[in-house]
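Structure data (JSON, C-alpha atoms) from coords-v3.json:
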```
[["chain", "number", "residue", "atom", "x", "y", "z"],
["A", 299, "MET", "CA", 19.11, -25.18, 12.92],
["A", 300, "SER", "CA", 18.76, -22.51, 15.55],
["A", 301, "ALA", "CA", 15.55, -21.14, 17.01],
["A", 302, "SER", "CA", 16.01, -17.86, 15.15],
["A", 303, "SER", "CA", 16.02, -19.52, 11.74],
["A", 304, "ILE", "CA", 13.02, -21.68, 12.66],
["A", 305, "ILE", "CA", 11.13, -18.50, 13.56],
["A", 306, "PHE", "CA", 12.18, -16.96, 10.23],
["A", 307, "TYR", "CA", 10.87, -19.91, 8.22],
["A", 308, "CYS", "CA", 7.59, -19.94, 10.16],
["A", 309, "ILE", "CA", 7.08, -16.20, 9.51],
["A", 310, "SER", "CA", 7.91, -16.63, 5.83],
["A", 311, "ALA", "CA", 5.49, -19.53, 5.42],
["A", 312, "PHE", "CA", 2.78, -17.47, 7.14],
["A", 313, "ILE", "CA", 3.41, -14.44, 4.89],
["A", 314, "LEU", "CA", 3.41, -16.44, 1.66],
["A", 315, "GLY", "CA", 0.41, -18.57, 2.61],
["A", 316, "ALA", "CA", -1.69, -15.56, 3.54],
["A", 317, "ALA", "CA", -0.61, -13.74, 0.36],
["A", 318, "ILE", "CA", -1.54, -16.72, -1.86],
["A", 319, "LEU", "CA", -4.94, -16.99, -0.18],
["A", 320, "SER", "CA", -5.39, -13.23, -0.58],
["A", 321, "VAL", "CA", -4.94, -13.34, -4.35],
["A", 322, "THR", "CA", -6.89, -16.57, -4.96],
["A", 323, "THR", "CA", -9.99, -16.37, -2.76],
["A", 324, "THR", "CA", -13.19, -15.43, -4.56],
["A", 325, "LYS", "CA", -14.75, -13.44, -1.71],
["A", 326, "ILE", "CA", -13.46, -9.89, -1.69],
["A", 327, "PHE", "CA", -13.82, -9.33, 2.05],
["A", 328, "ARG", "CA", -11.82, -12.47, 2.81],
["A", 329, "ALA", "CA", -9.14, -11.26, 0.41],
["A", 330, "ALA", "CA", -8.83, -8.07, 2.46],
["A", 331, "ILE", "CA", -8.55, -10.03, 5.71],
["A", 332, "TRP", "CA", -5.86, -12.32, 4.28],
["A", 333, "LEU", "CA", -3.99, -9.24, 3.08],
["A", 334, "LEU", "CA", -4.18, -7.95, 6.66],
["A", 335, "PHE", "CA", -2.60, -11.17, 7.96],
["A", 336, "SER", "CA", 0.12, -11.04, 5.32],
["A", 337, "LEU", "CA", 1.00, -7.46, 6.28],
["A", 338, "ILE", "CA", 1.14, -8.39, 9.97],
["A", 339, "GLY", "CA", 3.50, -11.22, 9.05],
["A", 340, "ILE", "CA", 5.73, -8.77, 7.19],
["A", 341, "ALA", "CA", 5.80, -6.59, 10.31],
["A", 342, "GLY", "CA", 6.88, -9.69, 12.22],
["A", 343, "LEU", "CA", 9.66, -10.20, 9.69],
["A", 344, "TYR", "CA", 10.86, -6.65, 10.37],
["A", 345, "PHE", "CA", 10.85, -7.40, 14.08],
["A", 346, "TRP", "CA", 12.90, -10.50, 13.34],
["A", 347, "MET", "CA", 15.39, -8.35, 11.39],
["A", 348, "GLN", "CA", 15.61, -6.03, 14.43],
["A", 349, "VAL", "CA", 14.36, -2.90, 12.69],
["A", 350, "GLN", "CA", 11.65, -2.12, 15.19],
["A", 351, "PHE", "CA", 10.94, 1.34, 13.83],
["A", 352, "VAL", "CA", 10.08, 0.07, 10.34],
["A", 353, "ALA", "CA", 7.94, -2.66, 11.92],
["A", 354, "ALA", "CA", 6.03, -0.06, 13.91],
["A", 355, "VAL", "CA", 5.56, 2.08, 10.79],
["A", 356, "GLN", "CA", 4.36, -1.00, 8.91],
["A", 357, "ILE", "CA", 1.74, -1.79, 11.56],
["A", 358, "VAL", "CA", 0.56, 1.79, 11.96],
["A", 359, "VAL", "CA", 0.37, 2.73, 8.28],
["A", 360, "TYR", "CA", -0.53, -0.53, 6.56],
["A", 361, "VAL", "CA", -2.53, -2.45, 9.14],
["A", 362, "GLY", "CA", -4.08, 0.59, 10.77],
["A", 363, "GLY", "CA", -4.49, 2.75, 7.68],
["A", 364, "ILE", "CA", -4.47, 1.15, 4.28],
["A", 365, "VAL", "CA", -6.30, -2.09, 5.10],
["A", 366, "VAL", "CA", -8.99, -0.19, 6.98],
["A", 367, "LEU", "CA", -9.32, 2.14, 3.97],
["A", 368, "ILE", "CA", -9.65, -0.88, 1.65],
["A", 369, "ILE", "CA", -12.29, -2.48, 3.87],
["A", 370, "PHE", "CA", -14.26, 0.79, 3.97],
["A", 371, "SER", "CA", -14.13, 1.06, 0.20],
["A", 372, "ILE", "CA", -15.38, -2.53, -0.09],
["A", 373, "PHE", "CA", -18.31, -1.60, 2.12],
["A", 374, "LEU", "CA", -18.98, 1.52, 0.04],
["A", 375, "THR", "CA", -18.78, -0.06, -3.38],
["A", 376, "GLN", "CA", -20.39, -3.49, -3.19],
["A", 377, "GLN", "CA", -21.77, -6.20, -0.96],
["A", 378, "SER", "CA", -18.99, -7.44, 1.28],
["A", 379, "GLY", "CA", -19.83, -11.13, 0.96],
["A", 380, "ALA", "CA", -20.29, -11.07, -2.80],
["A", 381, "GLU", "CA", -18.56, -13.77, -4.79],
["A", 382, "MET", "CA", -16.30, -12.56, -7.54],
["A", 383, "PRO", "CA", -16.40, -14.53, -10.78],
["A", 384, "LYS", "CA", -13.57, -17.01, -11.08],
["A", 385, "PRO", "CA", -10.99, -16.10, -13.74],
["A", 386, "LYS", "CA", -10.93, -18.11, -16.91],
["A", 387, "LEU", "CA", -8.84, -21.28, -16.94],
["A", 388, "LYS", "CA", -6.71, -19.95, -19.79],
["A", 389, "THR", "CA", -5.93, -16.80, -17.78],
["A", 390, "ILE", "CA", -4.97, -18.86, -14.73],
["A", 391, "ILE", "CA", -2.69, -21.15, -16.72],
["A", 392, "PHE", "CA", -0.87, -18.36, -18.53],
["A", 393, "SER", "CA", -0.41, -16.16, -15.47],
["A", 394, "LEU", "CA", 0.84, -19.15, -13.46],
["A", 395, "LEU", "CA", 3.28, -19.88, -16.27],
["A", 396, "ALA", "CA", 4.49, -16.28, -16.36],
["A", 397, "THR", "CA", 4.93, -16.01, -12.59],
["A", 398, "LEU", "CA", 6.67, -19.39, -12.29],
["A", 399, "LEU", "CA", 9.01, -18.40, -15.11],
["A", 400, "GLY", "CA", 9.75, -15.13, -13.32],
["A", 401, "ILE", "CA", 10.36, -16.88, -10.00],
["A", 402, "GLY", "CA", 12.71, -19.38, -11.64],
["A", 403, "PHE", "CA", 14.63, -16.67, -13.47],
["A", 404, "THR", "CA", 15.06, -14.54, -10.33],
["A", 405, "TYR", "CA", 15.96, -17.60, -8.22],
["A", 406, "ASN", "CA", 18.68, -18.43, -10.70],
["A", 407, "LEU", "CA", 20.01, -14.87, -10.65],
["A", 408, "ILE", "CA", 20.10, -14.68, -6.83],
["A", 409, "ASN", "CA", 21.77, -18.08, -6.54],
["A", 410, "GLN", "CA", 24.48, -17.27, -9.04],
["A", 411, "TYR", "CA", 25.29, -13.83, -7.68],
["A", 412, "GLY", "CA", 26.87, -15.27, -4.53],
["A", 413, "PHE", "CA", 25.90, -12.94, -1.73],
["A", 414, "SER", "CA", 27.90, -13.26, 1.44],
["A", 415, "GLY", "CA", 25.69, -15.37, 3.67],
["A", 416, "GLU", "CA", 26.13, -13.86, 7.09],
["A", 417, "PRO", "CA", 25.78, -10.23, 8.16],
["A", 418, "ILE", "CA", 29.20, -8.56, 8.46],
["A", 419, "LYS", "CA", 28.44, -7.13, 11.87],
["A", 420, "PRO", "CA", 25.36, -6.68, 14.05],
["A", 421, "PHE", "CA", 22.88, -4.17, 12.70],
["A", 422, "ALA", "CA", 21.53, -1.93, 15.43],
["A", 423, "VAL", "CA", 19.28, 0.92, 14.31],
["A", 424, "SER", "CA", 18.16, 3.42, 16.92],
["A", 425, "VAL", "CA", 15.23, 5.74, 16.41],
["A", 426, "SER", "CA", 17.28, 8.79, 17.37],
["A", 427, "ASP", "CA", 19.77, 8.01, 14.55],
["A", 428, "ILE", "CA", 16.89, 7.76, 12.09],
["A", 429, "GLY", "CA", 15.43, 11.07, 13.25],
["A", 430, "THR", "CA", 18.77, 12.88, 13.16],
["A", 431, "GLN", "CA", 19.65, 11.71, 9.67],
["A", 432, "MET", "CA", 16.11, 12.22, 8.37],
["A", 433, "LEU", "CA", 16.10, 15.92, 9.25],
["A", 434, "SER", "CA", 19.76, 16.77, 8.73],
["A", 435, "THR", "CA", 20.75, 19.16, 5.96],
["A", 436, "SER", "CA", 24.29, 17.85, 5.64],
["A", 437, "GLN", "CA", 25.57, 15.57, 2.89],
["A", 438, "TYR", "CA", 23.72, 12.35, 3.74],
["A", 439, "GLY", "CA", 20.66, 14.00, 5.19],
["A", 440, "PHE", "CA", 17.19, 13.17, 3.94],
["A", 441, "VAL", "CA", 15.46, 16.48, 4.60],
["A", 442, "LEU", "CA", 14.67, 17.21, 0.93],
["A", 443, "PRO", "CA", 12.83, 13.91, 0.24],
["A", 444, "PHE", "CA", 11.11, 14.34, 3.61],
["A", 445, "GLU", "CA", 9.69, 17.71, 2.54],
["A", 446, "VAL", "CA", 8.80, 16.43, -0.92],
["A", 447, "VAL", "CA", 6.89, 13.53, 0.62],
["A", 448, "SER", "CA", 5.02, 15.92, 2.90],
["A", 449, "MET", "CA", 4.00, 17.99, -0.15],
["A", 450, "LEU", "CA", 2.96, 14.78, -1.91],
["A", 451, "LEU", "CA", 0.77, 13.77, 1.03],
["A", 452, "LEU", "CA", -0.88, 17.21, 1.07],
["A", 453, "ALA", "CA", -1.52, 17.05, -2.68],
["A", 454, "ALA", "CA", -2.90, 13.51, -2.37],
["A", 455, "MET", "CA", -5.24, 14.60, 0.42],
["A", 456, "VAL", "CA", -6.62, 17.55, -1.55],
["A", 457, "GLY", "CA", -6.87, 15.41, -4.69],
["A", 458, "CYS", "CA", -8.79, 12.66, -2.89],
["A", 459, "ILE", "CA", -11.30, 15.14, -1.50],
["A", 460, "VAL", "CA", -11.85, 16.72, -4.93],
["A", 461, "ILE", "CA", -12.14, 13.39, -6.76],
["A", 462, "ALA", "CA", -14.45, 11.68, -4.29],
["A", 463, "MET", "CA", -16.61, 14.77, -3.64],
["A", 464, "LYS", "CA", -20.27, 14.11, -4.25],
["A", 465, "ALA", "CA", -21.83, 16.30, -6.94],
["A", 466, "SER", "CA", -24.65, 18.52, -5.78],
["A", 467, "PRO", "CA", -28.09, 16.94, -6.42],
["A", 468, "GLY", "CA", -29.82, 17.86, -9.66],
["A", 469, "ASP", "CA", -26.88, 17.86, -12.05],
["A", 470, "ASP", "CA", -25.75, 14.27, -12.10],
["A", 471, "SER", "CA", -24.86, 14.08, -15.81],
["A", 472, "SER", "CA", -22.82, 17.24, -16.18],
["A", 473, "ALA", "CA", -21.29, 16.95, -12.75],
["A", 474, "VAL", "CA", -18.24, 15.05, -13.91],
["A", 475, "ASN", "CA", -17.12, 17.72, -16.36],
["A", 476, "GLY", "CA", -17.39, 20.90, -14.40],
["A", 477, "LYS", "CA", -17.22, 19.70, -10.86],
["A", 478, "ILE", "CA", -14.33, 21.87, -9.76],
["A", 479, "ASN", "CA", -15.78, 25.02, -11.29],
["A", 480, "LYS", "CA", -19.18, 24.34, -9.82],
["A", 481, "ALA", "CA", -17.81, 23.54, -6.41],
["A", 482, "GLN", "CA", -16.64, 27.11, -6.04],
["A", 483, "THR", "CA", -19.96, 28.67, -6.92],
["A", 484, "SER", "CA", -22.35, 25.94, -5.77],
["A", 485, "PRO", "CA", -25.23, 27.00, -3.51],
["A", 486, "ASP", "CA", -24.24, 24.29, -1.03],
["A", 487, "LEU", "CA", -21.02, 26.04, -0.17],
["A", 488, "THR", "CA", -22.68, 29.44, 0.25],
["A", 489, "SER", "CA", -25.28, 27.92, 2.52],
["A", 490, "VAL", "CA", -22.50, 26.30, 4.52],
["A", 491, "THR", "CA", -20.76, 29.65, 4.91],
["A", 492, "ASN", "CA", -24.09, 31.21, 5.91],
["A", 493, "ILE", "CA", -24.49, 28.61, 8.61],
["A", 494, "LEU", "CA", -20.95, 29.22, 9.74],
["A", 495, "THR", "CA", -21.38, 32.97, 9.95],
["A", 496, "THR", "CA", -24.87, 33.09, 11.49],
["A", 497, "PRO", "CA", -23.82, 32.21, 15.05],
["A", 498, "ALA", "CA", -21.43, 35.16, 15.04],
["A", 499, "LYS", "CA", -24.22, 37.53, 13.94],
["A", 500, "GLU", "CA", -26.58, 36.15, 16.56],
["A", 501, "MET", "CA", -23.91, 36.61, 19.15],
["A", 502, "GLU", "CA", -23.52, 40.24, 18.13],
["A", 503, "GLU", "CA", -27.30, 40.76, 18.30],
["A", 504, "ILE", "CA", -27.45, 39.17, 21.71],
["A", 505, "ALA", "CA", -24.62, 41.38, 22.85],
["A", 506, "GLU", "CA", -26.39, 44.50, 21.59],
["B", 27, "MET", "CA", 22.41, -14.41, 16.06],
["B", 28, "SER", "CA", 20.79, -14.77, 12.66],
["B", 29, "THR", "CA", 22.10, -17.74, 10.77],
["B", 30, "VAL", "CA", 19.66, -17.31, 7.90],
["B", 31, "PRO", "CA", 21.55, -16.35, 4.73],
["B", 32, "LEU", "CA", 20.55, -13.26, 2.78],
["B", 33, "THR", "CA", 19.42, -15.32, -0.22],
["B", 34, "HIS", "CA", 16.58, -16.92, 1.74],
["B", 35, "ILE", "CA", 15.12, -13.52, 2.60],
["B", 36, "LEU", "CA", 15.47, -12.56, -1.06],
["B", 37, "PHE", "CA", 13.59, -15.73, -2.06],
["B", 38, "VAL", "CA", 10.74, -14.81, 0.26],
["B", 39, "SER", "CA", 10.47, -11.30, -1.16],
["B", 40, "THR", "CA", 10.72, -12.62, -4.75],
["B", 41, "SER", "CA", 7.90, -15.07, -4.10],
["B", 42, "LEU", "CA", 5.81, -12.30, -2.56],
["B", 43, "PHE", "CA", 6.44, -10.07, -5.60],
["B", 44, "PHE", "CA", 5.35, -12.76, -8.04],
["B", 45, "ILE", "CA", 2.29, -13.65, -5.95],
["B", 46, "GLY", "CA", 1.33, -9.99, -6.32],
["B", 47, "MET", "CA", 1.97, -10.20, -10.06],
["B", 48, "TYR", "CA", -0.28, -13.29, -10.26],
["B", 49, "GLY", "CA", -3.03, -11.39, -8.50],
["B", 50, "LEU", "CA", -2.59, -8.46, -10.87],
["B", 51, "PHE", "CA", -2.87, -10.80, -13.87],
["B", 52, "THR", "CA", -5.92, -12.78, -12.77],
["B", 53, "ARG", "CA", -8.04, -10.26, -10.86],
["B", 54, "ARG", "CA", -10.51, -8.05, -12.66],
["B", 55, "ASN", "CA", -11.82, -6.17, -9.60],
["B", 56, "MET", "CA", -10.07, -2.84, -8.97],
["B", 57, "ILE", "CA", -9.89, -3.17, -5.18],
["B", 58, "THR", "CA", -8.25, -6.60, -5.35],
["B", 59, "MET", "CA", -5.79, -5.29, -7.95],
["B", 60, "LEU", "CA", -4.92, -2.54, -5.47],
["B", 61, "MET", "CA", -4.29, -5.23, -2.83],
["B", 62, "SER", "CA", -1.90, -6.97, -5.21],
["B", 63, "ILE", "CA", -0.01, -3.71, -5.72],
["B", 64, "GLU", "CA", 0.32, -3.38, -1.94],
["B", 65, "LEU", "CA", 1.86, -6.88, -1.80],
["B", 66, "ILE", "CA", 4.38, -5.92, -4.51],
["B", 67, "LEU", "CA", 5.39, -2.72, -2.67],
["B", 68, "ASN", "CA", 5.84, -4.69, 0.57],
["B", 69, "SER", "CA", 8.13, -7.19, -1.10],
["B", 70, "VAL", "CA", 10.33, -4.31, -2.30],
["B", 71, "ASN", "CA", 10.43, -2.96, 1.27],
["B", 72, "ILE", "CA", 11.61, -6.32, 2.61],
["B", 73, "ASN", "CA", 14.40, -6.27, 0.04],
["B", 74, "PHE", "CA", 15.56, -2.79, 1.04],
["B", 75, "VAL", "CA", 15.69, -3.61, 4.74],
["B", 76, "ALA", "CA", 17.41, -6.97, 4.18],
["B", 77, "PHE", "CA", 20.12, -5.47, 1.97],
["B", 78, "ASN", "CA", 20.69, -2.73, 4.52],
["B", 79, "LYS", "CA", 21.00, -5.23, 7.35],
["B", 80, "TYR", "CA", 23.25, -7.74, 5.63],
["B", 81, "LEU", "CA", 25.47, -5.70, 3.30],
["B", 82, "TYR", "CA", 25.66, -2.16, 4.75],
["B", 83, "PRO", "CA", 25.10, -2.35, 8.51],
["B", 84, "ASP", "CA", 26.78, 1.04, 9.06],
["B", 85, "LYS", "CA", 24.28, 2.99, 7.00],
["B", 86, "LEU", "CA", 20.55, 3.61, 7.22],
["B", 87, "ASP", "CA", 19.64, 4.26, 3.58],
["B", 88, "GLY", "CA", 17.54, 1.11, 3.13],
["B", 89, "VAL", "CA", 15.47, 1.97, 6.20],
["B", 90, "PHE", "CA", 14.84, 5.48, 4.82],
["B", 91, "PHE", "CA", 13.85, 4.14, 1.42],
["B", 92, "SER", "CA", 11.37, 1.71, 2.98],
["B", 93, "ILE", "CA", 9.84, 4.47, 5.12],
["B", 94, "PHE", "CA", 9.42, 6.73, 2.06],
["B", 95, "ILE", "CA", 7.92, 3.85, 0.07],
["B", 96, "VAL", "CA", 5.39, 3.27, 2.85],
["B", 97, "ALA", "CA", 4.42, 6.97, 2.79],
["B", 98, "ILE", "CA", 4.04, 7.01, -1.00],
["B", 99, "ALA", "CA", 2.05, 3.75, -0.90],
["B", 100, "ALA", "CA", -0.37, 5.32, 1.57],
["B", 101, "ALA", "CA", -0.89, 8.34, -0.72],
["B", 102, "GLU", "CA", -1.29, 6.07, -3.75],
["B", 103, "ALA", "CA", -3.86, 3.87, -2.02],
["B", 104, "ALA", "CA", -5.90, 6.89, -0.92],
["B", 105, "VAL", "CA", -5.98, 8.39, -4.43],
["B", 106, "ALA", "CA", -6.78, 5.01, -5.99],
["B", 107, "ILE", "CA", -9.69, 4.44, -3.63],
["B", 108, "ALA", "CA", -11.05, 7.93, -4.32],
["B", 109, "ILE", "CA", -10.94, 7.18, -8.05],
["B", 110, "ILE", "CA", -12.60, 3.79, -7.50],
["B", 111, "ILE", "CA", -15.44, 5.34, -5.49],
["B", 112, "ASN", "CA", -15.97, 8.02, -8.13],
["B", 113, "LEU", "CA", -15.99, 5.35, -10.86],
["B", 114, "TYR", "CA", -18.49, 3.29, -8.89],
["B", 115, "ARG", "CA", -20.82, 6.29, -8.72],
["B", 116, "SER", "CA", -20.79, 6.79, -12.48],
["B", 117, "HIS", "CA", -20.56, 3.16, -13.71],
["B", 118, "ARG", "CA", -22.16, 1.16, -10.85],
["B", 119, "SER", "CA", -19.26, -1.28, -11.15],
["B", 120, "ILE", "CA", -15.58, -1.50, -10.20],
["B", 121, "ASP", "CA", -14.63, -4.03, -12.84],
["B", 122, "VAL", "CA", -11.81, -2.96, -15.13],
["B", 123, "GLU", "CA", -13.61, -4.39, -18.16],
["B", 124, "ASP", "CA", -16.53, -2.00, -17.59],
["B", 125, "ALA", "CA", -14.31, 1.08, -17.54],
["B", 126, "ALA", "CA", -12.75, 1.05, -21.00],
["B", 127, "GLU", "CA", -13.59, 4.58, -22.18],
["B", 128, "MET", "CA", -10.06, 5.86, -21.67],
["B", 129, "LYS", "CA", -8.52, 2.88, -23.45],
["B", 130, "PHE", "CA", -8.26, 4.33, -26.95]]
```
Go ahead and render the structure in this file as C-alpha cells.
Amino acid sequence: MSASSIIFYCISAFILGAAILSVTTTKIFRAAIWLLFSLIGIAGLYFWMQVQFVAAVQIVVYVGGIVVLIIFSIFLTQQSGAEMPKPKLKTIIFSLLATLLGIGFTYNLINQYGFSGEPIKPFAVSVSDIGTQMLSTSQYGFVLPFEVVSMLLLAAMVGCIVIAMKASPGDDSSAVNGKINKAQTSPDLTSVTNILTTPAKEMEEIAE
Amino acid sequence: MSTVPLTHILFVSTSLFFIGMYGLFTRRNMITMLMSIELILNSVNINFVAFNKYLYPDKLDGVFFSIFIVAIAAAEAAVAIAIIINLYRSHRSIDVEDAAEMKF
C-alpha cells in the first residue's frame, strides 16, 4: 500500500466521519461546524485527485460562502446552542434501513460494472485550459452555460433581496401579499431617495 | 502515482450521498435539511471529477460540470436561506411540520 492510497483512505474516513456527525448531532451549530469539516475534507480529496482549480473553487465557494451563510442564518433564526428534538426511533430505524438498502444496491452495481481500475494516463488540468474552453464559442466550448449561470446568479440575487426584504412597519399582516407592489410606492423608498438627492441640492445652494 | 481504483472513490461518494439522504429523512429543521442537500451535491461533484480523471483524462467536461454545480448550489442555498428567514418572520419557527399551509 503506497503513501498516496493511505492518504486517500485517511481523507475518506475524515469526510465520512464528519458527514455522519453533521447529520446526527442534535445541536444545530455543531452540525454546521461538522459540515464545514466535511467540505474541507472534500477539498482535500480534490487536491489528492490533482484538480487544484476545483479544490480552490470548493474552498472559496463552499467553505467561505455557503457555510458562513448557513451559520449567519442560524444566528438569525434561533439560539445557536439550542438542542433540536431527537427524531423518533421509528423514523431512525426506517431511514437507516432505506439508506443501507440504497448503499448495498449501489455497491453491488458498482462492483459488477467492472470499471478499469487504474487511470489510463496522467490527468493534468491547467487553469488556462479551463479558461479557454469555458469561454470558447467553438464546438466544445462552454460559453452558453457560463452565460446562463451568470443570469441565474443575478436572478437569485434579486430574488433573495425581494424575498428576505423586511416589510415596512405598520402593515405586518398584509405585508406578505402585496410586498412587491408596496415596495415601489412605500414611503421608505421615497425618503431614501430624498436623502440621496439632498446633498446634491445643498451643494448647489452652497455653490450659489 | 495513484493506485486507488476508481470503485473506491465511487464508494466514498455513494456513502456521502446516502448520509445526506439519511439526514434529509430524519431532520425536521430546514437549515439542517439544507446542509444535507449540500452533502448530496458534493458527492455528485466527487463523482464527476473522478470519472473525468479515470476514464476521460483528455477532456475537461467533468471539471466544468462540477464548477457549474457549485455555482448553482450557491444560488440555491442563498434563495433557500432567504425563504427560511422570511418563514421565520411569519411563523416564528423553521420546522417543516409548522409550515404545512402549502401542502394541500
As a PyMOL selection string, could you give me every residue of chain B near chain A (at most 6 Å apart, counting only C-alpha atoms)? chain B and resi 30-32+44+48-49+79-80+83+101+105+108+112
What lies within 8 Å of Ala99 in chain B using all atoms listed in the file, ignoring chain neighbours under 3 positions off, as a VMD selection string? chain B and resid 64 67 95 to 96 102 to 103
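Minimum distance to Val75 in chain B across B:Ile35, B:Ile107, B:Ile57, B:Ala100 (counting only C-alpha atoms) occurs at B:Ile35.
If all atoms listed in the file are the atoms counted, then among B:Met61, B:Ala97, B:Val70, B:Ser116 the closest residue to Met449 in chain A is B:Ala97.
Minimum atom-to-atom distance to Met47 in chain B, evaluated using only C-alpha atoms, belongs to B:Leu65 out of B:Asp87, B:Leu65, B:Ala125, B:Ala106.
CA of Glu123 in chain B is found 27.8 Å from CA of Ser69 in chain B.
The gap separating CA of Gly339 in chain A from CA of Asp84 in chain B is 26.3 Å, in Å to one decimal.
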Would you compute the distance between CA of Ile98 in chain B and CA of Asn71 in chain B? Give it in Å to one decimal. 12.1 Å
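Comparing the minimum interatomic distances between Gln350 in chain A and each of B:Ile45, B:Ile63, B:Leu36, B:Val89, counting all atoms listed in the file, we find that B:Val89 sits nearest.
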Starting from the sparse input, extend range 108-123 of chain B to N, CA and C atoms and give the output as a PDB file, keeping the file's coordinate frame.
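The resulting file, rebuild03.pdb, is reproduced below:
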```pdb
ATOM      1  N   ALA B 108     -10.165   6.822  -3.930  1.00  0.00           N
ATOM      2  CA  ALA B 108     -11.050   7.930  -4.320  1.00  0.00           C
ATOM      3  C   ALA B 108     -11.502   7.772  -5.765  1.00  0.00           C
ATOM      4  N   ILE B 109     -10.564   7.387  -6.647  1.00  0.00           N
ATOM      5  CA  ILE B 109     -10.940   7.180  -8.050  1.00  0.00           C
ATOM      6  C   ILE B 109     -11.928   6.034  -8.190  1.00  0.00           C
ATOM      7  N   ILE B 110     -11.700   4.946  -7.420  1.00  0.00           N
ATOM      8  CA  ILE B 110     -12.600   3.790  -7.500  1.00  0.00           C
ATOM      9  C   ILE B 110     -14.008   4.172  -7.066  1.00  0.00           C
ATOM     10  N   ILE B 111     -14.109   4.956  -5.980  1.00  0.00           N
ATOM     11  CA  ILE B 111     -15.440   5.340  -5.490  1.00  0.00           C
ATOM     12  C   ILE B 111     -16.141   6.235  -6.496  1.00  0.00           C
ATOM     13  N   ASN B 112     -15.374   7.160  -7.115  1.00  0.00           N
ATOM     14  CA  ASN B 112     -15.970   8.020  -8.130  1.00  0.00           C
ATOM     15  C   ASN B 112     -16.440   7.205  -9.339  1.00  0.00           C
ATOM     16  N   LEU B 113     -15.624   6.219  -9.730  1.00  0.00           N
ATOM     17  CA  LEU B 113     -15.990   5.350 -10.860  1.00  0.00           C
ATOM     18  C   LEU B 113     -17.221   4.528 -10.533  1.00  0.00           C
ATOM     19  N   TYR B 114     -17.319   4.090  -9.278  1.00  0.00           N
ATOM     20  CA  TYR B 114     -18.490   3.290  -8.890  1.00  0.00           C
ATOM     21  C   TYR B 114     -19.759   4.128  -8.949  1.00  0.00           C
ATOM     22  N   ARG B 115     -19.638   5.429  -8.642  1.00  0.00           N
ATOM     23  CA  ARG B 115     -20.820   6.290  -8.720  1.00  0.00           C
ATOM     24  C   ARG B 115     -21.304   6.433 -10.158  1.00  0.00           C
ATOM     25  N   SER B 116     -20.361   6.541 -11.107  1.00  0.00           N
ATOM     26  CA  SER B 116     -20.790   6.790 -12.480  1.00  0.00           C
ATOM     27  C   SER B 116     -21.061   5.502 -13.252  1.00  0.00           C
ATOM     28  N   HIS B 117     -20.391   4.388 -12.931  1.00  0.00           N
ATOM     29  CA  HIS B 117     -20.560   3.160 -13.710  1.00  0.00           C
ATOM     30  C   HIS B 117     -21.316   2.077 -12.971  1.00  0.00           C
ATOM     31  N   ARG B 118     -21.526   2.200 -11.663  1.00  0.00           N
ATOM     32  CA  ARG B 118     -22.160   1.160 -10.850  1.00  0.00           C
ATOM     33  C   ARG B 118     -21.365  -0.145 -10.885  1.00  0.00           C
ATOM     34  N   SER B 119     -20.071  -0.070 -11.100  1.00  0.00           N
ATOM     35  CA  SER B 119     -19.260  -1.280 -11.150  1.00  0.00           C
ATOM     36  C   SER B 119     -17.809  -0.894 -10.938  1.00  0.00           C
ATOM     37  N   ILE B 120     -17.003  -1.797 -10.336  1.00  0.00           N
ATOM     38  CA  ILE B 120     -15.580  -1.500 -10.200  1.00  0.00           C
ATOM     39  C   ILE B 120     -14.778  -2.539 -10.950  1.00  0.00           C
ATOM     40  N   ASP B 121     -15.338  -3.064 -12.010  1.00  0.00           N
ATOM     41  CA  ASP B 121     -14.630  -4.030 -12.840  1.00  0.00           C
ATOM     42  C   ASP B 121     -13.840  -3.276 -13.899  1.00  0.00           C
ATOM     43  N   VAL B 122     -12.606  -3.709 -14.157  1.00  0.00           N
ATOM     44  CA  VAL B 122     -11.810  -2.960 -15.130  1.00  0.00           C
ATOM     45  C   VAL B 122     -12.363  -3.096 -16.537  1.00  0.00           C
ATOM     46  N   GLU B 123     -13.079  -4.211 -16.812  1.00  0.00           N
ATOM     47  CA  GLU B 123     -13.610  -4.390 -18.160  1.00  0.00           C
ATOM     48  C   GLU B 123     -14.739  -3.395 -18.443  1.00  0.00           C
TER      49      GLU B 123
END
```
